[in-house]
>>> print(open('data-v9.cif').read())   # mmCIF, C-alpha atoms
data_upload
#
loop_
_atom_site.group_PDB
_atom_site.id
_atom_site.type_symbol
_atom_site.label_atom_id
_atom_site.label_comp_id
_atom_site.auth_asym_id
_atom_site.auth_seq_id
_atom_site.Cartn_x
_atom_site.Cartn_y
_atom_site.Cartn_z
ATOM 1 C CA MET A 495 138.506 -28.532 66.701
ATOM 2 C CA ASN A 496 137.925 -28.824 62.942
ATOM 3 C CA TYR A 497 140.921 -29.655 60.745
ATOM 4 C CA PRO A 498 141.448 -30.798 57.136
ATOM 5 C CA ILE A 499 142.337 -34.397 56.277
ATOM 6 C CA SER A 500 144.008 -34.828 52.865
ATOM 7 C CA TYR A 501 143.688 -38.124 51.014
ATOM 8 C CA ALA A 502 144.912 -39.796 47.834
ATOM 9 C CA CYS A 503 143.987 -43.083 46.176
ATOM 10 C CA MET A 504 145.641 -44.854 43.265
ATOM 11 C CA SER A 505 145.650 -48.406 41.922
ATOM 12 C CA HIS A 506 147.852 -50.362 39.542
ATOM 13 C CA THR A 507 147.349 -53.685 37.765
ATOM 14 C CA GLY A 508 150.693 -55.041 38.895
ATOM 15 C CA ARG A 509 153.127 -57.245 37.022
ATOM 16 C CA ARG A 510 151.173 -60.501 36.725
ATOM 17 C CA ARG A 511 147.641 -59.557 35.732
ATOM 18 C CA ARG A 512 146.322 -58.031 32.529
ATOM 19 C CA MET A 513 143.171 -56.643 34.119
ATOM 20 C CA ASN A 514 142.997 -54.388 37.146
ATOM 21 C CA GLN A 515 140.270 -55.814 39.392
ATOM 22 C CA ASP A 516 140.765 -53.154 42.072
ATOM 23 C CA ASN A 517 138.165 -50.611 42.970
ATOM 24 C CA PHE A 518 138.008 -48.021 45.710
ATOM 25 C CA LEU A 519 135.851 -45.527 47.506
ATOM 26 C CA CYS A 520 137.754 -42.314 48.055
ATOM 27 C CA GLY A 521 136.112 -38.980 48.766
ATOM 28 C CA GLY A 522 132.766 -40.313 47.533
ATOM 29 C CA ILE A 523 134.290 -41.448 44.201
ATOM 30 C CA TYR A 524 134.491 -45.015 42.889
ATOM 31 C CA ALA A 525 135.401 -46.371 39.451
ATOM 32 C CA LYS A 526 132.777 -47.612 37.006
ATOM 33 C CA PRO A 527 133.623 -51.027 35.502
ATOM 34 C CA ASP A 528 133.890 -49.731 31.926
ATOM 35 C CA GLN A 529 135.967 -46.661 32.807
ATOM 36 C CA PRO A 530 139.142 -46.705 30.656
ATOM 37 C CA GLY A 531 142.331 -46.737 32.715
ATOM 38 C CA ARG A 532 140.261 -46.847 35.884
ATOM 39 C CA GLY A 533 142.183 -46.398 39.054
ATOM 40 C CA ARG A 534 145.349 -45.280 37.266
ATOM 41 C CA LEU A 535 145.182 -41.582 38.014
ATOM 42 C CA PRO A 536 145.283 -40.602 41.656
ATOM 43 C CA VAL A 537 142.069 -39.376 43.219
ATOM 44 C CA THR A 538 142.933 -36.668 45.712
ATOM 45 C CA GLY A 539 141.026 -34.328 47.927
ATOM 46 C CA THR A 540 140.317 -33.136 51.427
ATOM 47 C CA VAL A 541 137.589 -33.795 53.975
ATOM 48 C CA THR A 542 137.183 -32.010 57.265
ATOM 49 C CA SER A 543 137.333 -33.631 60.666
ATOM 50 C CA ALA A 544 133.677 -32.674 61.174
ATOM 51 C CA GLU A 545 132.563 -34.956 58.310
ATOM 52 C CA THR A 546 131.851 -38.667 58.375
ATOM 53 C CA ALA A 547 134.029 -40.148 55.637
ATOM 54 C CA LEU A 548 134.361 -43.714 54.389
ATOM 55 C CA PHE A 549 137.387 -44.872 52.407
ATOM 56 C CA GLY A 550 137.789 -48.370 51.007
ATOM 57 C CA VAL A 551 139.866 -50.569 48.745
ATOM 58 C CA PHE A 552 138.121 -53.518 47.094
ATOM 59 C CA ASP A 553 140.184 -56.110 45.233
ATOM 60 C CA GLY A 554 138.496 -58.721 43.065
ATOM 61 C CA MET A 555 139.682 -62.155 44.110
ATOM 62 C CA GLY A 556 142.064 -63.774 41.631
ATOM 63 C CA GLY A 557 140.740 -67.043 40.271
ATOM 64 C CA GLU A 558 137.138 -66.059 40.959
ATOM 65 C CA GLU A 559 134.803 -65.137 38.139
ATOM 66 C CA ARG A 560 134.256 -61.426 37.436
ATOM 67 C CA GLY A 561 136.298 -60.113 40.349
ATOM 68 C CA GLU A 562 136.271 -56.648 38.803
ATOM 69 C CA MET A 563 132.462 -56.581 39.044
ATOM 70 C CA ALA A 564 132.499 -57.841 42.632
ATOM 71 C CA ALA A 565 134.934 -55.046 43.558
ATOM 72 C CA TYR A 566 132.801 -52.477 41.710
ATOM 73 C CA LEU A 567 129.600 -53.665 43.407
ATOM 74 C CA ALA A 568 131.270 -53.495 46.830
ATOM 75 C CA ALA A 569 132.539 -49.947 46.174
ATOM 76 C CA LYS A 570 129.106 -48.891 44.936
ATOM 77 C CA ALA A 571 127.434 -50.444 48.000
ATOM 78 C CA ALA A 572 129.880 -48.620 50.276
ATOM 79 C CA PHE A 573 129.089 -45.331 48.515
ATOM 80 C CA ARG A 574 125.342 -45.652 49.006
ATOM 81 C CA THR A 575 125.211 -47.350 52.422
ATOM 82 C CA LEU A 576 126.385 -44.834 55.014
ATOM 83 C CA CYS A 577 123.661 -44.534 57.576
ATOM 84 C CA SER A 578 123.218 -43.593 61.175
ATOM 85 C CA GLY A 579 124.321 -45.830 63.993
ATOM 86 C CA THR A 580 127.645 -46.786 65.470
ATOM 87 C CA PRO A 581 130.721 -47.076 63.252
ATOM 88 C CA ARG A 582 130.502 -50.858 63.615
ATOM 89 C CA GLN A 583 126.856 -50.859 62.484
ATOM 90 C CA MET A 584 127.741 -48.687 59.483
ATOM 91 C CA LEU A 585 130.591 -50.969 58.360
ATOM 92 C CA GLU A 586 128.477 -54.098 58.913
ATOM 93 C CA ALA A 587 125.723 -52.547 56.774
ATOM 94 C CA VAL A 588 128.245 -51.900 53.977
ATOM 95 C CA CYS A 589 129.377 -55.541 54.109
ATOM 96 C CA ARG A 590 125.803 -56.897 54.159
ATOM 97 C CA ASN A 591 124.724 -54.718 51.222
ATOM 98 C CA ALA A 592 127.853 -55.511 49.191
ATOM 99 C CA ASN A 593 127.426 -59.236 49.820
ATOM 100 C CA ALA A 594 123.763 -59.131 48.767
ATOM 101 C CA ASP A 595 124.606 -57.214 45.572
ATOM 102 C CA ILE A 596 127.483 -59.562 44.662
ATOM 103 C CA CYS A 597 125.397 -62.704 45.338
ATOM 104 C CA HIS A 598 122.550 -61.281 43.240
ATOM 105 C CA PHE A 599 124.959 -60.469 40.383
ATOM 106 C CA ALA A 600 126.508 -63.954 40.549
ATOM 107 C CA ALA A 601 123.112 -65.692 40.500
ATOM 108 C CA GLU A 602 121.793 -63.441 37.722
ATOM 109 C CA ASN A 603 124.845 -64.212 35.544
ATOM 110 C CA GLY A 604 125.185 -67.918 36.346
ATOM 111 C CA LEU A 605 128.559 -67.533 38.046
ATOM 112 C CA GLY A 606 129.881 -70.262 40.309
ATOM 113 C CA THR A 607 132.187 -68.005 42.283
ATOM 114 C CA CYS A 608 132.505 -64.250 42.551
ATOM 115 C CA GLY A 609 134.098 -62.230 45.313
ATOM 116 C CA THR A 610 136.233 -59.358 46.506
ATOM 117 C CA THR A 611 138.311 -58.424 49.495
ATOM 118 C CA ALA A 612 137.592 -55.195 51.341
ATOM 119 C CA ALA A 613 139.657 -52.907 53.540
ATOM 120 C CA MET A 614 137.769 -49.874 54.836
ATOM 121 C CA LEU A 615 138.435 -46.858 57.025
ATOM 122 C CA LEU A 616 135.509 -44.959 58.517
ATOM 123 C CA LEU A 617 136.223 -41.559 60.046
ATOM 124 C CA THR A 618 133.543 -40.215 62.345
ATOM 125 C CA LEU A 619 133.404 -37.311 64.735
ATOM 126 C CA THR A 620 132.870 -39.698 67.661
ATOM 127 C CA MET A 621 136.023 -41.638 66.820
ATOM 128 C CA ARG A 622 138.099 -38.467 66.383
ATOM 129 C CA GLU A 623 136.878 -37.099 69.728
ATOM 130 C CA ALA A 624 137.972 -40.324 71.416
ATOM 131 C CA MET A 625 141.356 -40.216 69.671
ATOM 132 C CA ILE A 626 141.921 -36.587 70.689
ATOM 133 C CA MET A 627 141.064 -37.388 74.303
ATOM 134 C CA TYR A 628 143.762 -40.083 74.407
ATOM 135 C CA ASN A 629 146.491 -38.087 72.638
#
>>> encode(input="data-v9.cif", output="structure tokens")
Amino acid sequence: MNYPISYACMSHTGRRRRMNQDNFLCGGIYAKPDQPGRGRLPVTGTVTSAETALFGVFDGMGGEERGEMAAYLAAKAAFRTLCSGTPRQMLEAVCRNANADICHFAAENGLGTCGTTAAMLLLTLTMREAMIMYN
């Protein structure tokens, strides 16, 4: 069975911060660090249940240096990382690649601390088949 899955992604700075350090991966789209008003407008779309799709929210850690770049680098790594293997292997590869990119950026720019949080959802045909079997 092939069915559409609609998605939407939006981010807001919040009440305390001046800079939005959030980034995302939604439908293969992520925000560039110099994009004006990034994350403000919703990104919407549809994927089909036959596609492998990765969605993620990456939030630069408050108090760390250049959290917006760490979040951007994690989103970019997630965009380019999807590979074959189990869902766990794919998500671990995203985390390894993002960590390597962030550590390289921090070392290259003389930063003491730099980091982001990550929450990801990976939809694969294998997972959907298992979910359908148990419903």
>>> residues_around(input="data-v9.cif", residues="Leu567 (chain A)", least_positions_apart="6", cutoff="8 Å", atoms="all atoms listed in the file", output="JSON, numbers by chain")
{"A": [592, 595, 596]}
>>> axis_aligned_box(input="data-v9.cif", around="region 575-593 of chain A", padding_each_side="6 Å", output="lines of an AutoDock Vina configuration file")
center_x = 127.0
center_y = -51.4
center_z = 57.3
size_x = 19.5
size_y = 27.6
size_z = 28.3
>>> closest_residue(input="data-v9.cif", among="A:Asn514, A:Asn603, A:Thr611, A:Asn591", to="Gly550 (chain A)", atoms="all atoms listed in the file")
A:Thr611
>>> closest_residue(input="data-v9.cif", among="A:Gln583, A:Ile523, A:Thr607, A:Phe518", to="Val551 (chain A)", atoms="only C-alpha atoms")
A:Phe518
>>> closest_residue(input="data-v9.cif", among="A:Asn517, A:Asn593, A:Ser505, A:Thr580", to="Tyr566 (chain A)", atoms="only C-alpha atoms")
A:Asn517
>>> resolve_selection(input="data-v9.cif", expression="the PyMOL selection byres ((chain A and resi 616) around 10)", output="PyMOL selection string")
chain A and resi 546-550+576+581-582+584-585+614-615+617-618+621
>>> atom_distance(input="data-v9.cif", atom1="CA of Ala525 (chain A)", atom2="CA of Ala565 (chain A)")
9.6 Å
>>> residues_near_point(input="data-v9.cif", point="(133.3, -52.3, 43.6)", cutoff="9 Å", atoms="only C-alpha atoms", output="short mmCIF file (atom, residue, chain, number, x, y, z; two decimals) with C-alpha atoms, in the coordinates of the input")
data_model
loop_
_atom_site.label_atom_id
_atom_site.label_comp_id
_atom_site.auth_asym_id
_atom_site.auth_seq_id
_atom_site.Cartn_x
_atom_site.Cartn_y
_atom_site.Cartn_z
CA GLN A 515 140.27 -55.81 39.39
CA ASP A 516 140.76 -53.15 42.07
CA ASN A 517 138.16 -50.61 42.97
CA PHE A 518 138.01 -48.02 45.71
CA LEU A 519 135.85 -45.53 47.51
CA TYR A 524 134.49 -45.02 42.89
CA ALA A 525 135.40 -46.37 39.45
CA LYS A 526 132.78 -47.61 37.01
CA PRO A 527 133.62 -51.03 35.50
CA VAL A 551 139.87 -50.57 48.74
CA PHE A 552 138.12 -53.52 47.09
CA ASP A 553 140.18 -56.11 45.23
CA GLY A 554 138.50 -58.72 43.06
CA GLY A 561 136.30 -60.11 40.35
CA GLU A 562 136.27 -56.65 38.80
CA MET A 563 132.46 -56.58 39.04
CA ALA A 564 132.50 -57.84 42.63
CA ALA A 565 134.93 -55.05 43.56
CA TYR A 566 132.80 -52.48 41.71
CA LEU A 567 129.60 -53.66 43.41
CA ALA A 568 131.27 -53.50 46.83
CA ALA A 569 132.54 -49.95 46.17
CA LYS A 570 129.11 -48.89 44.94
CA ALA A 571 127.43 -50.44 48.00
CA ALA A 572 129.88 -48.62 50.28
CA ALA A 592 127.85 -55.51 49.19
CA THR A 610 136.23 -59.36 46.51
#
>>> residues_around(input="data-v9.cif", residues="Tyr501 (chain A)", least_positions_apart="2", cutoff="10 Å", atoms="all atoms listed in the file", output="list of chain:residue names")
A:Pro498, A:Ile499, A:Cys503, A:Cys520, A:Gly521, A:Pro536, A:Val537, A:Thr538, A:Gly539, A:Thr540, A:Val541, A:Phe549
>>> closest_residue(input="data-v9.cif", among="A:Asn496, A:Met513, A:Gly604, A:Gly522", to="Thr575 (chain A)", atoms="all atoms listed in the file")
A:Gly522
>>> atom_distance(input="data-v9.cif", atom1="CA of Thr542 (chain A)", atom2="CA of Leu619 (chain A)")
9.9 Å
>>> atom_distance(input="data-v9.cif", atom1="CA of Met504 (chain A)", atom2="CA of Ala612 (chain A)")
15.4 Å
>>> build_atoms(input="data-v9.cif", residues="region 516-527 of chain A", atoms="all heavy atoms", output="compact mmCIF listing (two decimals), keeping the file's coordinate frame")
# COMPACT_ATOMS: atom_id res chain seq x y z
N ASP A 516 140.92 -54.02 40.90
CA ASP A 516 140.76 -53.15 42.07
C ASP A 516 139.65 -52.13 41.86
O ASP A 516 139.40 -51.69 40.74
CB ASP A 516 142.04 -52.36 42.35
CG ASP A 516 143.23 -53.23 42.68
OD1 ASP A 516 143.05 -54.44 42.90
OD2 ASP A 516 144.35 -52.69 42.72
N ASN A 517 139.04 -51.76 42.95
CA ASN A 517 138.16 -50.61 42.97
C ASN A 517 138.37 -49.94 44.32
O ASN A 517 139.08 -50.46 45.16
CB ASN A 517 136.70 -50.98 42.74
CG ASN A 517 135.95 -49.89 42.02
OD1 ASN A 517 135.98 -48.73 42.41
ND2 ASN A 517 135.27 -50.25 40.94
N PHE A 518 137.77 -48.80 44.51
CA PHE A 518 138.01 -48.02 45.71
C PHE A 518 136.81 -47.12 45.97
O PHE A 518 135.97 -46.92 45.10
CB PHE A 518 139.26 -47.15 45.55
CG PHE A 518 139.18 -46.25 44.34
CD1 PHE A 518 138.55 -45.02 44.41
CD2 PHE A 518 139.71 -46.66 43.12
CE1 PHE A 518 138.45 -44.21 43.29
CE2 PHE A 518 139.60 -45.85 42.01
CZ PHE A 518 138.98 -44.62 42.09
N LEU A 519 136.74 -46.63 47.17
CA LEU A 519 135.85 -45.53 47.51
C LEU A 519 136.73 -44.50 48.18
O LEU A 519 137.36 -44.78 49.20
CB LEU A 519 134.73 -45.97 48.45
CG LEU A 519 133.78 -44.84 48.87
CD1 LEU A 519 133.04 -44.26 47.67
CD2 LEU A 519 132.80 -45.31 49.91
N CYS A 520 136.84 -43.34 47.56
CA CYS A 520 137.75 -42.31 48.06
C CYS A 520 137.09 -40.96 47.83
O CYS A 520 136.85 -40.58 46.68
CB CYS A 520 139.08 -42.41 47.29
SG CYS A 520 140.37 -41.34 47.88
N GLY A 521 136.75 -40.29 48.90
CA GLY A 521 136.11 -38.98 48.77
C GLY A 521 134.78 -39.04 48.03
O GLY A 521 134.43 -38.12 47.32
N GLY A 522 134.05 -40.15 48.20
CA GLY A 522 132.77 -40.31 47.53
C GLY A 522 132.87 -40.70 46.07
O GLY A 522 131.89 -40.68 45.35
N ILE A 523 134.06 -41.07 45.60
CA ILE A 523 134.29 -41.45 44.20
C ILE A 523 134.66 -42.92 44.14
O ILE A 523 135.44 -43.40 44.96
CB ILE A 523 135.43 -40.61 43.59
CG1 ILE A 523 135.05 -39.13 43.59
CG2 ILE A 523 135.77 -41.09 42.18
CD1 ILE A 523 136.20 -38.20 43.27
N TYR A 524 134.09 -43.64 43.17
CA TYR A 524 134.49 -45.02 42.89
C TYR A 524 134.51 -45.18 41.38
O TYR A 524 133.92 -44.39 40.65
CB TYR A 524 133.57 -46.04 43.56
CG TYR A 524 132.12 -45.95 43.15
CD1 TYR A 524 131.61 -46.73 42.13
CD2 TYR A 524 131.26 -45.06 43.79
CE1 TYR A 524 130.28 -46.63 41.76
CE2 TYR A 524 129.94 -44.96 43.43
CZ TYR A 524 129.45 -45.75 42.42
OH TYR A 524 128.14 -45.66 42.04
N ALA A 525 135.22 -46.20 40.90
CA ALA A 525 135.40 -46.37 39.45
C ALA A 525 134.29 -47.24 38.86
O ALA A 525 133.94 -48.27 39.43
CB ALA A 525 136.76 -47.00 39.17
N LYS A 526 133.76 -46.80 37.73
CA LYS A 526 132.78 -47.61 37.01
C LYS A 526 133.52 -48.73 36.28
O LYS A 526 134.67 -48.56 35.89
CB LYS A 526 132.02 -46.76 35.98
CG LYS A 526 131.47 -45.44 36.52
CD LYS A 526 130.51 -45.62 37.66
CE LYS A 526 129.87 -44.35 38.12
NZ LYS A 526 130.59 -43.56 39.09
N PRO A 527 132.89 -49.89 36.08
CA PRO A 527 133.62 -51.03 35.50
C PRO A 527 134.13 -50.80 34.08
O PRO A 527 135.13 -51.39 33.69
CB PRO A 527 132.62 -52.18 35.55
CG PRO A 527 131.31 -51.58 35.83
CD PRO A 527 131.53 -50.22 36.41
